[in-house]
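A short worksheet on the structure shown next.
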Amino acid sequence: MDRSKLYRRFRTLLIANRGEIACRVIRSARAMGLRTVAVYSEADRDAMHVAMADEAVLLGPARARDSYLNIERVIEAARKTGAEAVHPGYGFLSENAEFAQACLDAGLVFVGPTAAMMTAMGSKSGSKQLMEKAGVPLVPGYHGEAQDEAILAAAADKIGFPVLVKASAGGGGRGMRVVKSAGELSAAIVSAKREAKAAFGDDRMLIEKFVQNPRHIEVQIIGDSHGNLLSLFERECTLQRRHQKVIEEAPSPTLNATQRDAVCAAARKAAGAVNYVGAGTIEFVSDGKEVFFIEMNTRLQVEHPVTELITGIDLVEWQLRVAFGEKLPLAQDEIRLNGHAIEARVYAENPQKNFMPSVGRIKTWRTPDAVDGLRIDAGYRSGDAVSPYYDAMLAKVIAWAPTREAAIERLNRGLEQTDVRGIVTNIPFLSALVTHPSVRANTIDTGFIERELKGLTETSPPPGELELCAAVAAVIVQEQQAARNEAHSPWRTYGWQPVGLRTRVFQFRQGPGAEQKVTLHYGDGRFTVSLADRAAPIALSIMPYAGGGFDITIDGAKSNVVAVIENHELYLRTRNGRFDLHWVDPFGGETEEHVGEDKIVAPLPGTVVALLAEEGATLEKGAAILTLEVMKMEQTLRAPYAGVLKKIKCKVGDIVGEGVELAEIEPAAA
């Protein structure tokens, strides 16, 4: 094939993706002088990537299969806007060989490997067979095309339990299940196939020996159309939950220099088996002694920034230059490793509720000011809506420093100074994770998070003296700001009284805990606070500044506080951590609606993908009732107590909204 059709100079780039990666590609493309085109669904009309691009085209309805996964509409958007090339990002169509070929057939440059390379390496089973021929070490497993359940069961028995069932075309932990015994296999295959079909349109499975206490090591590679193929060092991605990476770092703190050279050489050998062109990642699993090939991701990875920070290379720029038909700008021996980088993925999810996705509108989005060695790759802003239709990742916080210890400290500082409100995020969980002694000591494996989950998701400690004073100050600051439009009112200065002092009582509650009372005394601009467990009143002064924060001085000791009030919910960040309090406003007219415990309701908008129990069935506490697909992940709803499934009020395929009643349980007789 004429390479000029595959790789050539272009001026207009369409990004066939959304969120953080679309914004990331737009930044590098714009820096190279390229015109950018975004595509979007009806749910993303006002999204950040749409605003950033030079032009944007509506693809269709919110569901990914009707928009971001619709190849014909993406190609038509390129034609309509005069785009000459397409960057697929990651996820969606990024590893879809049919899409890569469709771009070529439409006369577009696909920023990535060819369809043939993608087919050879993108299939987990096909790539395993190819690697076996190339002499790359493999985990024992079944990688065949036959998908009959009996064949898969026989293969699992031969390999020996525990085994890993996973989607041949998958990634990101979707369509993957750990099976500990033969009795669990059938249900795991059915569930994994269903999830893989929904996520990738392909439900083929492979089965591998599950490596006990494994570590996940991957190598970034990139090749050009002139036969040059480079490795850009390795990344450690061992900290995972449900097979999805949470924290990534480069280089791996597990490998020594000799091991690093060996695994990078193996990665180049693996990619060289298909004369790979473009950016890609060779993934390995290690049992502490040996390293085994897992798969190749024929695209850019979510965690690519840590490689960029230790090499000084813009991988998106290199992808685009390869697509131009240029040679890679450096040789293998010219690539230098400098310092250490570590990344945390910020998700819209609630770690205290089994990481249930969180949807809604972002009311506050605050990240640290520009700091050397700290990078924020985001796809959202204040005011943006987080929908239930797509992956829940909002942003990545990435830190670089000369040493791993310093990089961890810088990352934690960046997380501590990142505030997202209006939805629930995993930021407190990430902070707890990166500061855990075992993470700092690198004594971890891929099961670490699951084992330590309880400690990593503990709620905040009760608010102390600083937090209660800060809560009062936050209310004062909010009310003072609301009064600023009264230009000539003496009450613009909070605490002004014509005569004497005034007392005001505040009550705050943390979760379902007891209310704590704080009494404020003020007049003539002076404040004192009385607490139940403090004998003497506390002298208080407040100095607000732009951005939602203020300095609070308590008996002469100054502290910085970040505060956000949303209705009666009060978020505080102090030196002691993050605190969510409920302000019990006596004039607020607070009302709450509760759904009876006998009703199973949708915690978020989603699609019913499986009914796991029948009406009239007797259920034990925790028994599975039905499965919802939310943000491309399956969530199983279970019986809150023993009883009888009285009624099912939905069917497979139903698209349900948050709070919709799905089933009703009659409690077992006492």
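Chain labels run A, B, ... following the order of the structure tokens; each chain numbers its residues from 1, and ligands are numbered from 1 in the order shown.
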- Selection: 12 Å around A:Tyr276, only C-alpha atoms, excl. self and same-chain fewer than 5 positions, as a ChimeraX atom specification: /A:112-122,221-231,267-271,281-282,296-299,322
- Run DSSP on the backbone of this structure and report the residues of stretch 51-221 of chain A it assigns to helix (DSSP H, G or I), as an MDAnalysis selection string. chainID A and resid 51:52 64:66 71:81 97:105 115:122 124:134 149:159 182:200
- Query: Mind checking DSSP for stretch 142-233 of chain A and telling me the strand (DSSP E or B) residues as a list in words?
  - Reply: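 Taking stretch 142-233 of chain A and keeping strand (DSSP E or B) gives Tyr142, Val163, Leu164, Val165, Lys166, Ala167, Met176, Arg177, Val178, Val179, Met205, Leu206, Ile207, Glu208, Lys209, Arg215, His216, Ile217, Glu218, Val219, Gln220, Ile221, Ile222, Gly223, Leu229, Leu230, Ser231, Leu232 and Phe233 of chain A.
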Save out the residues we just selected, N, CA and C atoms, as an mmCIF file, in the first residue's frame.
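Writing done, so here's result-v6.cif:
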data_model
loop_
_atom_site.group_PDB
_atom_site.id
_atom_site.type_symbol
_atom_site.label_atom_id
_atom_site.label_comp_id
_atom_site.auth_asym_id
_atom_site.auth_seq_id
_atom_site.Cartn_x
_atom_site.Cartn_y
_atom_site.Cartn_z
ATOM 1 N N TYR A 142 -5.788 -20.015 27.847
ATOM 2 C CA TYR A 142 -6.501 -20.390 26.625
ATOM 3 C C TYR A 142 -6.771 -19.131 25.829
ATOM 4 N N VAL A 163 -8.557 -18.684 38.021
ATOM 5 C CA VAL A 163 -8.281 -18.229 36.666
ATOM 6 C C VAL A 163 -8.865 -16.828 36.490
ATOM 7 N N LEU A 164 -8.415 -16.188 35.424
ATOM 8 C CA LEU A 164 -8.909 -14.860 35.064
ATOM 9 C C LEU A 164 -9.651 -14.987 33.748
ATOM 10 N N VAL A 165 -10.943 -14.664 33.764
ATOM 11 C CA VAL A 165 -11.752 -14.619 32.551
ATOM 12 C C VAL A 165 -11.780 -13.169 32.091
ATOM 13 N N LYS A 166 -11.394 -12.915 30.844
ATOM 14 C CA LYS A 166 -11.404 -11.514 30.409
ATOM 15 C C LYS A 166 -11.693 -11.386 28.924
ATOM 16 N N ALA A 167 -12.222 -10.224 28.572
ATOM 17 C CA ALA A 167 -12.620 -9.948 27.199
ATOM 18 C C ALA A 167 -11.401 -9.894 26.289
ATOM 19 N N MET A 176 -13.960 -8.441 32.732
ATOM 20 C CA MET A 176 -12.907 -9.222 33.385
ATOM 21 C C MET A 176 -13.402 -9.704 34.743
ATOM 22 N N ARG A 177 -13.171 -10.980 35.043
ATOM 23 C CA ARG A 177 -13.602 -11.559 36.304
ATOM 24 C C ARG A 177 -12.546 -12.538 36.820
ATOM 25 N N VAL A 178 -12.270 -12.507 38.119
ATOM 26 C CA VAL A 178 -11.437 -13.512 38.764
ATOM 27 C C VAL A 178 -12.353 -14.634 39.236
ATOM 28 N N VAL A 179 -12.039 -15.867 38.853
ATOM 29 C CA VAL A 179 -12.868 -17.022 39.200
ATOM 30 C C VAL A 179 -12.044 -17.962 40.070
ATOM 31 N N MET A 205 -14.037 -14.264 24.817
ATOM 32 C CA MET A 205 -13.313 -14.361 26.075
ATOM 33 C C MET A 205 -12.020 -15.157 25.907
ATOM 34 N N LEU A 206 -11.061 -14.872 26.771
ATOM 35 C CA LEU A 206 -9.904 -15.739 26.934
ATOM 36 C C LEU A 206 -9.777 -16.049 28.421
ATOM 37 N N ILE A 207 -9.053 -17.124 28.719
ATOM 38 C CA ILE A 207 -8.890 -17.551 30.106
ATOM 39 C C ILE A 207 -7.410 -17.730 30.397
ATOM 40 N N GLU A 208 -6.957 -17.161 31.526
ATOM 41 C CA GLU A 208 -5.551 -17.240 31.901
ATOM 42 C C GLU A 208 -5.421 -17.676 33.358
ATOM 43 N N LYS A 209 -4.289 -18.218 33.674
ATOM 44 C CA LYS A 209 -3.965 -18.495 35.070
ATOM 45 C C LYS A 209 -3.907 -17.166 35.811
ATOM 46 N N ARG A 215 2.181 -8.009 40.216
ATOM 47 C CA ARG A 215 2.480 -6.600 39.937
ATOM 48 C C ARG A 215 2.235 -6.356 38.451
ATOM 49 N N HIS A 216 1.809 -5.146 38.150
ATOM 50 C CA HIS A 216 1.487 -4.789 36.766
ATOM 51 C C HIS A 216 2.539 -3.790 36.273
ATOM 52 N N ILE A 217 3.295 -4.223 35.272
ATOM 53 C CA ILE A 217 4.346 -3.386 34.673
ATOM 54 C C ILE A 217 4.010 -3.212 33.201
ATOM 55 N N GLU A 218 4.157 -2.005 32.684
ATOM 56 C CA GLU A 218 3.914 -1.778 31.260
ATOM 57 C C GLU A 218 4.994 -0.886 30.675
ATOM 58 N N VAL A 219 5.218 -1.033 29.373
ATOM 59 C CA VAL A 219 6.272 -0.292 28.682
ATOM 60 C C VAL A 219 5.650 0.537 27.561
ATOM 61 N N GLN A 220 5.956 1.819 27.539
ATOM 62 C CA GLN A 220 5.494 2.712 26.472
ATOM 63 C C GLN A 220 6.405 2.531 25.259
ATOM 64 N N ILE A 221 5.793 2.237 24.115
ATOM 65 C CA ILE A 221 6.580 2.144 22.884
ATOM 66 C C ILE A 221 5.980 3.079 21.835
ATOM 67 N N ILE A 222 6.772 3.425 20.832
ATOM 68 C CA ILE A 222 6.285 4.204 19.697
ATOM 69 C C ILE A 222 7.149 3.884 18.490
ATOM 70 N N GLY A 223 6.506 3.718 17.352
ATOM 71 C CA GLY A 223 7.217 3.410 16.120
ATOM 72 C C GLY A 223 6.819 4.367 15.016
ATOM 73 N N LEU A 229 11.646 1.931 15.974
ATOM 74 C CA LEU A 229 10.773 1.525 17.072
ATOM 75 C C LEU A 229 11.495 1.749 18.391
ATOM 76 N N LEU A 230 10.883 2.553 19.281
ATOM 77 C CA LEU A 230 11.531 2.939 20.530
ATOM 78 C C LEU A 230 10.694 2.514 21.732
ATOM 79 N N SER A 231 11.370 2.268 22.841
ATOM 80 C CA SER A 231 10.699 2.116 24.133
ATOM 81 C C SER A 231 11.049 3.335 24.980
ATOM 82 N N LEU A 232 10.058 3.847 25.702
ATOM 83 C CA LEU A 232 10.237 5.061 26.513
ATOM 84 C C LEU A 232 10.122 4.724 28.001
ATOM 85 N N PHE A 233 10.826 3.679 28.394
ATOM 86 C CA PHE A 233 10.848 3.224 29.787
ATOM 87 C C PHE A 233 9.500 2.627 30.186
#
- Message: Give me, as a PyMOL selection string, all polymer residues having an atom no more than 10 Å from A:Ala617, counting only C-alpha atoms and skipping those fewer than 4 positions away in the same chain.
- Response: chain A and resi 613+625+643-647+665
- Query: Within 7 Å of stretch 85-93 of chain A, counting only C-alpha atoms, which residues qualify if same-chain residues fewer than 4 places away don't, as a ChimeraX atom specification?
  - Reply: /A:10,12-17,21-22,68-69,99,108-111,299-301
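Near A:Gly135, within 10 Å and counting only C-alpha atoms, sit Leu130, Met131, Glu132, Leu138, Ala266, Lys269 and Ala270 of chain A, not including residues fewer than 3 positions from it in the same chain.
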Against stretch 343-351 of chain A, which residues of stretch 276-315 of chain A fall within 10 Å? For each one I want the closest pair of atoms and the distance in Å (one decimal), counting only C-alpha atoms, rows by chain and increasing residue number, as a Markdown table.
| residue | atom | partner | partner_atom | distance |
| --- | --- | --- | --- | --- |
| A:Val302 | CA | A:Arg345 | CA | 8.9 |
| A:Glu303 | CA | A:Glu343 | CA | 7.1 |
| A:His304 | CA | A:Glu343 | CA | 9.4 |
| A:Pro305 | CA | A:Glu343 | CA | 7.8 |
| A:Val306 | CA | A:Glu343 | CA | 6.6 |
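Across the structure, atom CA of A:His436 and atom CA of A:Thr403 are spaced 17.4 Å apart.
For A:Glu236, the list of residues within 10 Å, based on only C-alpha atoms and with local chain neighbours fewer than 2 positions off taken out, reads Arg215, His216, Ile217, Glu218, Val219, Glu234, Thr238, Leu239, Lys245, Ile247, Glu248, Glu249, Ala250, Pro251, Ser252, Pro253, Thr254, Leu255, Phe284 and Ile342 of chain A.
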- Item | Within 10 Å of A:Asp46 using only C-alpha atoms, minus same-chain residues under 5 positions, as number ranges by chain | A: 40-41, 51, 383-385
Next, dump the selected residues to file, keeping only C-alpha atoms, as a CSV table (one decimal), in the first residue's frame.
chain,number,residue,atom,x,y,z
A,40,TYR,CA,-20.1,15.6,20.8
A,41,SER,CA,-23.3,13.9,21.8
A,51,ALA,CA,-15.6,24.8,23.9
A,383,GLY,CA,-20.8,24.3,35.7
A,384,ASP,CA,-20.2,21.1,33.6
A,385,ALA,CA,-22.6,18.2,33.9
